[in-house]
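Worksheet: the structure to be examined is printed underneath.
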Amino acid sequence: YSPRFGHFGVFPYPGDQRVPPFRHSNINALFNAAHRGDPNRIVQVNHPRMEKGIGYFSVFGYEPENPKIPSKIRLDFDSIEVYNGYEIQQPAKVEAVLRDYFSLLNRGRKYVATGSSDSHHIQYQWAGYPRTVVDLGAPVSAGKVDPLAVVAAIKSGHAIVTSGPLLEVTANGAHPGDEIHGSDPVVAHVRLRAAPWVDVTSLELVVDGNSIRTFDIESRPTKTGLELGTLDEVQARTIRFEQDVPIPAGAGPKSWFVFIARGTRKLDDVLPFMPVPPFAMTNPIWINASGITGDKPEP
């Protein structure tokens, strides 16, 4: 509003304080207020390429192929909503934001990828499609989740984004969001799960923004209803892919990789008004071949 400069999320944020200024304000005032008071707070860029002047990257002219970053854009945020409920029916828009995200990772900026359904209605934007699935590192009991632990895990990148498939990835003891040190060969163990009504047809390995390898996965027909058998048998049927995948060395001393799962059949045979092809992506695992910590991102 007067002017438009994007949409953002800030959490956690005290309920007894006024929200950061956004009407008749500017990006510097908003970011300064968003960060003030809590160093553990997450400042998130929401749907950075959305039209009508509400996509932050579009408003400030960020171009992933341009080595020069626009002088007026603020880059001191923590996470980027790479997968948004208003855009999941248009895979080309999702891919455009991924190009932005990958280019920023290649600049050494450890932003966290998130997904959100952005649900404003009971229908059309189903809550939870997409979502951010957070790994807290240990089992938790229902009703006993510490919200601040969730925030800390997101800020560390211990999460995936998904509209159905679930990716579990470890590599040399590291998980998404972690950094591997040293020059030993990196091998990722990948387990891809999906509910019986979720289609998965491919798994892609991306290293430093480059597609390195794609595994074809056999599609299964939509299945709903009672799942028969023991819990172990039911869980085993959710596994669509499980394999050790060697990770080739990146171009520089500091590299990163993600896995992306995609499906072909859309979800509207189970979820009305959701002609959405399933998609999921891990946050990056970083590879620091030099072993030197404290590398600074590009300005």
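Scheme for the structure tokens: letters A, B, ... for chains in order shown; per-chain residue numbers from 1; ligand numbers from 1 in order shown.
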
**Report entry** Distance query Arg131 in chain A at most 10 Å, only C-alpha atoms, self and fewer than 5 positions along chain excluded, as JSON, numbers by chain
**Finding:** {"A": [83, 84, 85, 114, 115, 116, 117, 118, 160, 161, 162, 163, 164, 280]}

Those same residues, written as a tab-separated table (two decimals), in the first residue's frame with all heavy atoms?
chain	number	residue	atom	x	y	z
A	83	TYR	N	7.01	-22.06	-2.42
A	83	TYR	CA	5.86	-22.86	-2.87
A	83	TYR	C	4.62	-22.32	-2.19
A	83	TYR	O	4.46	-22.46	-0.98
A	83	TYR	CB	6.12	-24.32	-2.49
A	83	TYR	CG	5.31	-25.36	-3.21
A	83	TYR	CD1	4.75	-25.13	-4.47
A	83	TYR	CD2	5.11	-26.61	-2.63
A	83	TYR	CE1	4.03	-26.10	-5.12
A	83	TYR	CE2	4.40	-27.60	-3.28
A	83	TYR	CZ	3.86	-27.35	-4.52
A	83	TYR	OH	3.13	-28.32	-5.16
A	84	ASN	N	3.74	-21.69	-2.96
A	84	ASN	CA	2.60	-20.96	-2.40
A	84	ASN	C	1.30	-21.50	-2.96
A	84	ASN	O	1.21	-21.88	-4.13
A	84	ASN	CB	2.75	-19.47	-2.74
A	84	ASN	CG	1.56	-18.65	-2.26
A	84	ASN	OD1	0.58	-18.49	-2.99
A	84	ASN	ND2	1.65	-18.14	-1.05
A	85	GLY	N	0.25	-21.50	-2.11
A	85	GLY	CA	-1.03	-22.09	-2.50
A	85	GLY	C	-1.70	-21.43	-3.68
A	85	GLY	O	-2.51	-22.08	-4.37
A	114	THR	N	10.49	-22.51	2.31
A	114	THR	CA	9.25	-22.89	2.99
A	114	THR	C	8.13	-22.99	1.97
A	114	THR	O	8.23	-22.51	0.84
A	114	THR	CB	8.86	-21.88	4.08
A	114	THR	OG1	8.59	-20.61	3.47
A	114	THR	CG2	9.95	-21.73	5.13
A	115	GLY	N	7.02	-23.61	2.40
A	115	GLY	CA	5.81	-23.68	1.60
A	115	GLY	C	4.62	-23.36	2.47
A	115	GLY	O	4.61	-23.68	3.67
A	116	SER	N	3.62	-22.73	1.89
A	116	SER	CA	2.42	-22.36	2.65
A	116	SER	C	1.21	-22.35	1.73
A	116	SER	O	1.28	-21.91	0.59
A	116	SER	CB	2.59	-20.97	3.28
A	116	SER	OG	1.37	-20.55	3.87
A	117	SER	N	0.09	-22.85	2.27
A	117	SER	CA	-1.14	-22.89	1.48
A	117	SER	C	-1.74	-21.50	1.27
A	117	SER	O	-2.50	-21.29	0.34
A	117	SER	CB	-2.17	-23.79	2.15
A	117	SER	OG	-2.34	-23.46	3.52
A	118	ASP	N	-1.40	-20.55	2.15
A	118	ASP	CA	-1.93	-19.18	2.01
A	118	ASP	C	-3.45	-19.20	1.92
A	118	ASP	O	-4.06	-18.49	1.11
A	118	ASP	CB	-1.32	-18.52	0.77
A	118	ASP	CG	-1.33	-17.00	0.85
A	118	ASP	OD1	-1.96	-16.45	1.77
A	118	ASP	OD2	-0.72	-16.35	-0.03
A	160	ILE	N	11.26	-29.66	4.96
A	160	ILE	CA	10.99	-29.82	3.54
A	160	ILE	C	9.71	-29.06	3.23
A	160	ILE	O	8.94	-28.71	4.13
A	160	ILE	CB	10.82	-31.30	3.14
A	160	ILE	CG1	9.55	-31.90	3.76
A	160	ILE	CG2	12.05	-32.10	3.53
A	160	ILE	CD1	9.16	-33.25	3.20
A	161	VAL	N	9.47	-28.79	1.93
A	161	VAL	CA	8.21	-28.21	1.49
A	161	VAL	C	7.52	-29.24	0.60
A	161	VAL	O	8.17	-29.95	-0.15
A	161	VAL	CB	8.42	-26.88	0.75
A	161	VAL	CG1	9.04	-25.85	1.66
A	161	VAL	CG2	9.28	-27.06	-0.49
A	162	THR	N	6.19	-29.32	0.69
A	162	THR	CA	5.51	-30.40	-0.02
A	162	THR	C	4.02	-30.12	-0.21
A	162	THR	O	3.41	-29.41	0.58
A	162	THR	CB	5.68	-31.73	0.73
A	162	THR	OG1	5.03	-32.78	-0.01
A	162	THR	CG2	5.07	-31.67	2.13
A	163	SER	N	3.48	-30.70	-1.27
A	163	SER	CA	2.03	-30.80	-1.44
A	163	SER	C	1.61	-32.26	-1.44
A	163	SER	O	0.57	-32.61	-2.01
A	163	SER	CB	1.60	-30.12	-2.74
A	163	SER	OG	2.27	-30.70	-3.86
A	164	GLY	N	2.40	-33.11	-0.82
A	164	GLY	CA	2.03	-34.52	-0.73
A	164	GLY	C	3.19	-35.46	-0.46
A	164	GLY	O	3.23	-36.14	0.56
A	280	ALA	N	7.52	-31.87	-4.04
A	280	ALA	CA	8.19	-31.75	-2.74
A	280	ALA	C	9.65	-31.45	-2.96
A	280	ALA	O	10.24	-31.88	-3.96
A	280	ALA	CB	8.02	-33.01	-1.91

Requested in this report: Compile the contact shell of Ala159 in chain A as a VMD selection string: residues with an atom at most 8 Å away, counting only C-alpha atoms, same-chain residues fewer than 4 positions apart removed.
Outcome: chain A and resid 114 132 to 135 153 to 154 176 to 177 282 to 283

Requested in this report: Give the alpha helix (DSSP H) residues of range 120-166 of chain A, as DSSP finds them on the backbone, and put them as an MDAnalysis selection string.
Outcome: chainID A and resid 147:155

Requested in this report: List every residue of range 146-264 of chain A that DSSP, applied to the backbone, labels as strand (DSSP E), and write the result as number ranges by chain.
Outcome: A: 159-162, 166-171, 179-181, 186-193, 202-207, 210-216, 239-247, 254-262

Expected file contents, prior selection, C-alpha atoms, as a PDB file, in the first residue's frame:
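Listed below is the output, part05.pdb:
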ATOM      1  CA  ALA A 159      12.443 -28.830   6.884  1.00  0.00           C
ATOM      2  CA  ILE A 160      10.985 -29.823   3.538  1.00  0.00           C
ATOM      3  CA  VAL A 161       8.210 -28.212   1.492  1.00  0.00           C
ATOM      4  CA  THR A 162       5.507 -30.397  -0.021  1.00  0.00           C
ATOM      5  CA  LEU A 166       7.593 -36.757   1.905  1.00  0.00           C
ATOM      6  CA  LEU A 167      11.375 -36.726   1.454  1.00  0.00           C
ATOM      7  CA  GLU A 168      13.765 -38.075   4.088  1.00  0.00           C
ATOM      8  CA  VAL A 169      17.409 -37.357   3.237  1.00  0.00           C
ATOM      9  CA  THR A 170      20.644 -37.849   5.156  1.00  0.00           C
ATOM     10  CA  ALA A 171      24.180 -37.488   3.774  1.00  0.00           C
ATOM     11  CA  GLU A 179      26.718 -28.471   6.431  1.00  0.00           C
ATOM     12  CA  ILE A 180      29.146 -31.296   5.637  1.00  0.00           C
ATOM     13  CA  HIS A 181      32.822 -30.479   6.234  1.00  0.00           C
ATOM     14  CA  VAL A 186      29.261 -37.530  -0.181  1.00  0.00           C
ATOM     15  CA  VAL A 187      26.555 -40.161  -0.434  1.00  0.00           C
ATOM     16  CA  ALA A 188      22.926 -39.302   0.315  1.00  0.00           C
ATOM     17  CA  HIS A 189      20.432 -41.858   1.537  1.00  0.00           C
ATOM     18  CA  VAL A 190      17.047 -40.887   0.135  1.00  0.00           C
ATOM     19  CA  ARG A 191      13.687 -42.281   1.175  1.00  0.00           C
ATOM     20  CA  LEU A 192      10.622 -40.947  -0.626  1.00  0.00           C
ATOM     21  CA  ARG A 193       7.198 -41.677   0.806  1.00  0.00           C
ATOM     22  CA  SER A 202      10.267 -38.619 -10.621  1.00  0.00           C
ATOM     23  CA  LEU A 203      13.010 -37.687  -8.181  1.00  0.00           C
ATOM     24  CA  GLU A 204      15.554 -35.068  -9.237  1.00  0.00           C
ATOM     25  CA  LEU A 205      18.974 -34.294  -7.752  1.00  0.00           C
ATOM     26  CA  VAL A 206      19.988 -30.632  -8.090  1.00  0.00           C
ATOM     27  CA  VAL A 207      23.567 -29.547  -7.262  1.00  0.00           C
ATOM     28  CA  ASN A 210      22.100 -27.712 -11.954  1.00  0.00           C
ATOM     29  CA  SER A 211      19.969 -30.782 -12.589  1.00  0.00           C
ATOM     30  CA  ILE A 212      22.384 -33.692 -12.190  1.00  0.00           C
ATOM     31  CA  ARG A 213      20.210 -36.793 -12.292  1.00  0.00           C
ATOM     32  CA  THR A 214      16.534 -37.702 -12.434  1.00  0.00           C
ATOM     33  CA  PHE A 215      15.174 -41.052 -11.280  1.00  0.00           C
ATOM     34  CA  ASP A 216      11.961 -42.316 -12.870  1.00  0.00           C
ATOM     35  CA  ILE A 239       7.818 -46.021   0.166  1.00  0.00           C
ATOM     36  CA  ARG A 240       8.115 -45.075  -3.524  1.00  0.00           C
ATOM     37  CA  PHE A 241      11.916 -44.791  -3.644  1.00  0.00           C
ATOM     38  CA  GLU A 242      14.782 -45.657  -1.310  1.00  0.00           C
ATOM     39  CA  GLN A 243      18.390 -45.622  -2.436  1.00  0.00           C
ATOM     40  CA  ASP A 244      21.899 -44.366  -1.752  1.00  0.00           C
ATOM     41  CA  VAL A 245      22.721 -41.571  -4.219  1.00  0.00           C
ATOM     42  CA  PRO A 246      26.321 -40.358  -4.733  1.00  0.00           C
ATOM     43  CA  ILE A 247      26.576 -36.559  -4.810  1.00  0.00           C
ATOM     44  CA  LYS A 254      31.277 -24.550  -0.942  1.00  0.00           C
ATOM     45  CA  SER A 255      28.448 -26.356  -2.640  1.00  0.00           C
ATOM     46  CA  TRP A 256      24.870 -27.449  -1.955  1.00  0.00           C
ATOM     47  CA  PHE A 257      22.307 -29.961  -3.148  1.00  0.00           C
ATOM     48  CA  VAL A 258      18.577 -30.587  -2.893  1.00  0.00           C
ATOM     49  CA  PHE A 259      16.208 -33.351  -3.966  1.00  0.00           C
ATOM     50  CA  ILE A 260      12.918 -32.611  -5.726  1.00  0.00           C
ATOM     51  CA  ALA A 261      10.028 -35.067  -6.079  1.00  0.00           C
ATOM     52  CA  ARG A 262       7.293 -34.544  -8.654  1.00  0.00           C
TER      53      ARG A 262
END

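CA of Phe31 in chain A sits 12.5 Å away from CA of Lys72 in chain A.
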
Query - Residue contacts of Pro48 in chain A (8 Å, only C-alpha atoms) excluding same-chain residues fewer than 6 positions away, as an MDAnalysis selection string - result: chainID A and resid 6:7 54:58 80:82 97

Create the file for the chosen residues now, containing all heavy atoms and written as a compact mmCIF listing (two decimals), in the first residue's frame.
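Output (selection_26.txt):
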# COMPACT_ATOMS: atom_id res chain seq x y z
N GLY A 6 5.90 -5.61 -1.43
CA GLY A 6 5.98 -7.05 -1.17
C GLY A 6 5.13 -7.48 0.00
O GLY A 6 4.53 -6.66 0.70
N HIS A 7 5.07 -8.79 0.19
CA HIS A 7 4.37 -9.40 1.33
C HIS A 7 5.39 -10.19 2.15
O HIS A 7 6.24 -10.89 1.59
CB HIS A 7 3.28 -10.34 0.85
CG HIS A 7 2.02 -9.64 0.46
ND1 HIS A 7 0.85 -10.32 0.21
CD2 HIS A 7 1.73 -8.33 0.27
CE1 HIS A 7 -0.10 -9.46 -0.13
NE2 HIS A 7 0.41 -8.24 -0.10
N ILE A 54 2.93 -7.28 -5.48
CA ILE A 54 3.08 -7.85 -4.13
C ILE A 54 4.18 -8.90 -4.08
O ILE A 54 4.38 -9.53 -3.05
CB ILE A 54 1.76 -8.44 -3.60
CG1 ILE A 54 1.24 -9.57 -4.50
CG2 ILE A 54 0.71 -7.35 -3.48
CD1 ILE A 54 0.00 -10.24 -3.94
N GLY A 55 4.90 -9.11 -5.19
CA GLY A 55 6.05 -10.01 -5.20
C GLY A 55 7.33 -9.22 -4.99
O GLY A 55 7.72 -8.41 -5.82
N TYR A 56 8.00 -9.43 -3.88
CA TYR A 56 9.16 -8.63 -3.46
C TYR A 56 10.25 -8.62 -4.53
O TYR A 56 10.81 -7.56 -4.86
CB TYR A 56 9.68 -9.19 -2.15
CG TYR A 56 10.88 -8.48 -1.55
CD1 TYR A 56 10.86 -7.11 -1.33
CD2 TYR A 56 12.02 -9.19 -1.18
CE1 TYR A 56 11.96 -6.46 -0.76
CE2 TYR A 56 13.11 -8.56 -0.60
CZ TYR A 56 13.07 -7.20 -0.40
OH TYR A 56 14.15 -6.56 0.16
N PHE A 57 10.59 -9.79 -5.06
CA PHE A 57 11.68 -9.84 -6.05
C PHE A 57 11.31 -9.09 -7.32
O PHE A 57 12.16 -8.46 -7.95
CB PHE A 57 12.03 -11.28 -6.38
CG PHE A 57 12.69 -12.04 -5.25
CD1 PHE A 57 12.88 -13.41 -5.33
CD2 PHE A 57 13.12 -11.39 -4.10
CE1 PHE A 57 13.49 -14.11 -4.30
CE2 PHE A 57 13.72 -12.07 -3.06
CZ PHE A 57 13.90 -13.45 -3.16
N SER A 58 10.04 -9.18 -7.71
CA SER A 58 9.61 -8.48 -8.92
C SER A 58 9.61 -6.97 -8.70
O SER A 58 10.05 -6.20 -9.57
CB SER A 58 8.21 -8.95 -9.33
OG SER A 58 8.23 -10.32 -9.69
N ILE A 80 12.38 -18.00 2.40
CA ILE A 80 11.68 -17.65 1.18
C ILE A 80 10.58 -18.67 0.95
O ILE A 80 10.84 -19.88 0.94
CB ILE A 80 12.62 -17.64 -0.03
CG1 ILE A 80 13.77 -16.64 0.18
CG2 ILE A 80 11.87 -17.30 -1.31
CD1 ILE A 80 14.82 -16.68 -0.92
N GLU A 81 9.37 -18.18 0.75
CA GLU A 81 8.25 -19.07 0.45
C GLU A 81 8.35 -19.46 -1.03
O GLU A 81 7.90 -18.73 -1.91
CB GLU A 81 6.93 -18.36 0.74
CG GLU A 81 5.73 -19.26 0.62
CD GLU A 81 4.45 -18.45 0.76
OE1 GLU A 81 4.23 -17.52 -0.04
OE2 GLU A 81 3.68 -18.75 1.68
N VAL A 82 8.97 -20.60 -1.28
CA VAL A 82 9.20 -21.02 -2.67
C VAL A 82 7.97 -21.70 -3.27
O VAL A 82 7.89 -21.89 -4.49
CB VAL A 82 10.41 -21.97 -2.76
CG1 VAL A 82 11.67 -21.30 -2.26
CG2 VAL A 82 10.16 -23.27 -2.01
N VAL A 97 10.34 -19.22 -9.18
CA VAL A 97 10.80 -18.88 -7.84
C VAL A 97 11.98 -19.77 -7.44
O VAL A 97 12.91 -19.31 -6.76
CB VAL A 97 9.65 -19.01 -6.82
CG1 VAL A 97 10.15 -18.74 -5.40
CG2 VAL A 97 8.53 -18.02 -7.15

Report task. Determine, counting only C-alpha atoms, which protein, DNA and RNA residues have an atom within 10 Å of an atom of Leu75 in chain A; residues of the same chain fewer than 5 positions away are not included. Present the result as an MDAnalysis selection string. Result -> chainID A and resid 31 45 69 104 109 111 299

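Using only C-alpha atoms, the protein and nucleic acid residues lying no more than 12 Å from Glu65 in chain A, apart from those fewer than 5 places from it along its own chain, are Ala96, Arg99, Asp100, Tyr101, Phe102, Ser103, Leu104, Asn106, Arg107 and Gly209 of chain A.
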
Dump all heavy atoms for the selected residues as an mmCIF file, in the first residue's frame?
data_model
loop_
_atom_site.group_PDB
_atom_site.id
_atom_site.type_symbol
_atom_site.label_atom_id
_atom_site.label_comp_id
_atom_site.auth_asym_id
_atom_site.auth_seq_id
_atom_site.Cartn_x
_atom_site.Cartn_y
_atom_site.Cartn_z
ATOM 1 N N ALA A 96 9.975 -20.704 -11.537
ATOM 2 C CA ALA A 96 10.590 -19.377 -11.597
ATOM 3 C C ALA A 96 11.124 -18.963 -10.228
ATOM 4 O O ALA A 96 12.235 -18.419 -10.115
ATOM 5 C CB ALA A 96 9.592 -18.352 -12.116
ATOM 6 N N ARG A 99 14.278 -20.804 -9.425
ATOM 7 C CA ARG A 99 15.470 -20.220 -10.047
ATOM 8 C C ARG A 99 16.001 -19.062 -9.211
ATOM 9 O O ARG A 99 17.214 -18.905 -9.037
ATOM 10 C CB ARG A 99 15.150 -19.763 -11.474
ATOM 11 C CG ARG A 99 14.994 -20.913 -12.463
ATOM 12 C CD ARG A 99 14.998 -20.408 -13.895
ATOM 13 N NE ARG A 99 13.838 -19.587 -14.203
ATOM 14 C CZ ARG A 99 12.672 -20.060 -14.626
ATOM 15 N NH1 ARG A 99 12.500 -21.378 -14.772
ATOM 16 N NH2 ARG A 99 11.672 -19.247 -14.912
ATOM 17 N N ASP A 100 15.087 -18.233 -8.692
ATOM 18 C CA ASP A 100 15.508 -17.162 -7.780
ATOM 19 C C ASP A 100 16.229 -17.743 -6.564
ATOM 20 O O ASP A 100 17.314 -17.282 -6.175
ATOM 21 C CB ASP A 100 14.295 -16.368 -7.287
ATOM 22 C CG ASP A 100 13.637 -15.540 -8.368
ATOM 23 O OD1 ASP A 100 14.338 -15.083 -9.287
ATOM 24 O OD2 ASP A 100 12.411 -15.343 -8.283
ATOM 25 N N TYR A 101 15.589 -18.738 -5.975
ATOM 26 C CA TYR A 101 16.114 -19.325 -4.746
ATOM 27 C C TYR A 101 17.488 -19.950 -4.981
ATOM 28 O O TYR A 101 18.443 -19.710 -4.215
ATOM 29 C CB TYR A 101 15.126 -20.375 -4.229
ATOM 30 C CG TYR A 101 15.542 -21.053 -2.952
ATOM 31 C CD1 TYR A 101 15.769 -20.324 -1.789
ATOM 32 C CD2 TYR A 101 15.714 -22.440 -2.903
ATOM 33 C CE1 TYR A 101 16.143 -20.944 -0.613
ATOM 34 C CE2 TYR A 101 16.094 -23.068 -1.737
ATOM 35 C CZ TYR A 101 16.312 -22.319 -0.592
ATOM 36 O OH TYR A 101 16.690 -22.948 0.574
ATOM 37 N N PHE A 102 17.615 -20.723 -6.053
ATOM 38 C CA PHE A 102 18.889 -21.383 -6.339
ATOM 39 C C PHE A 102 19.994 -20.353 -6.599
ATOM 40 O O PHE A 102 21.142 -20.545 -6.197
ATOM 41 C CB PHE A 102 18.749 -22.310 -7.540
ATOM 42 C CG PHE A 102 17.873 -23.511 -7.294
ATOM 43 C CD1 PHE A 102 17.379 -24.264 -8.353
ATOM 44 C CD2 PHE A 102 17.529 -23.899 -6.007
ATOM 45 C CE1 PHE A 102 16.583 -25.362 -8.134
ATOM 46 C CE2 PHE A 102 16.718 -25.006 -5.764
ATOM 47 C CZ PHE A 102 16.250 -25.738 -6.849
ATOM 48 N N SER A 103 19.657 -19.257 -7.270
ATOM 49 C CA SER A 103 20.675 -18.242 -7.549
ATOM 50 C C SER A 103 21.176 -17.603 -6.262
ATOM 51 O O SER A 103 22.361 -17.277 -6.131
ATOM 52 C CB SER A 103 20.117 -17.171 -8.494
ATOM 53 O OG SER A 103 19.208 -16.303 -7.833
ATOM 54 N N LEU A 104 20.283 -17.423 -5.294
ATOM 55 C CA LEU A 104 20.691 -16.848 -4.016
ATOM 56 C C LEU A 104 21.556 -17.836 -3.228
ATOM 57 O O LEU A 104 22.532 -17.439 -2.577
ATOM 58 C CB LEU A 104 19.459 -16.436 -3.213
ATOM 59 C CG LEU A 104 18.728 -15.204 -3.757
ATOM 60 C CD1 LEU A 104 17.338 -15.081 -3.151
ATOM 61 C CD2 LEU A 104 19.532 -13.931 -3.501
ATOM 62 N N ASN A 106 23.519 -19.959 -4.590
ATOM 63 C CA ASN A 106 24.821 -19.922 -5.268
ATOM 64 C C ASN A 106 25.643 -18.699 -4.883
ATOM 65 O O ASN A 106 26.864 -18.680 -5.075
ATOM 66 C CB ASN A 106 24.627 -19.960 -6.784
ATOM 67 C CG ASN A 106 24.307 -21.352 -7.296
ATOM 68 O OD1 ASN A 106 24.582 -22.343 -6.626
ATOM 69 N ND2 ASN A 106 23.717 -21.436 -8.475
ATOM 70 N N ARG A 107 24.990 -17.681 -4.355
ATOM 71 C CA ARG A 107 25.705 -16.513 -3.840
ATOM 72 C C ARG A 107 26.159 -16.732 -2.400
ATOM 73 O O ARG A 107 26.703 -15.819 -1.767
ATOM 74 C CB ARG A 107 24.808 -15.275 -3.911
ATOM 75 C CG ARG A 107 24.415 -14.862 -5.321
ATOM 76 C CD ARG A 107 23.468 -13.668 -5.269
ATOM 77 N NE ARG A 107 22.883 -13.358 -6.565
ATOM 78 C CZ ARG A 107 23.407 -12.527 -7.460
ATOM 79 N NH1 ARG A 107 24.544 -11.912 -7.202
ATOM 80 N NH2 ARG A 107 22.804 -12.312 -8.610
ATOM 81 N N GLY A 209 22.263 -25.636 -8.296
ATOM 82 C CA GLY A 209 21.300 -25.127 -9.264
ATOM 83 C C GLY A 209 21.226 -25.909 -10.556
ATOM 84 O O GLY A 209 20.401 -25.590 -11.424
#

Query raised in the report: What lies within 12 Å of Phe22 in chain A using only C-alpha atoms, ignoring chain neighbours under 6 positions off, as a ChimeraX atom specification?
Result: /A:1-9,28-34

Report task. Report the distance between CA of Pro147 in chain A and CA of Ile42 in chain A in Å, rounded to one decimal place. Result -> 12.6 Å

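When only C-alpha atoms are used to measure the gap to Asn288 in chain A, the shortest distance among A:Gly108, A:Pro21, A:Pro70, A:Pro196 belongs to A:Gly108.
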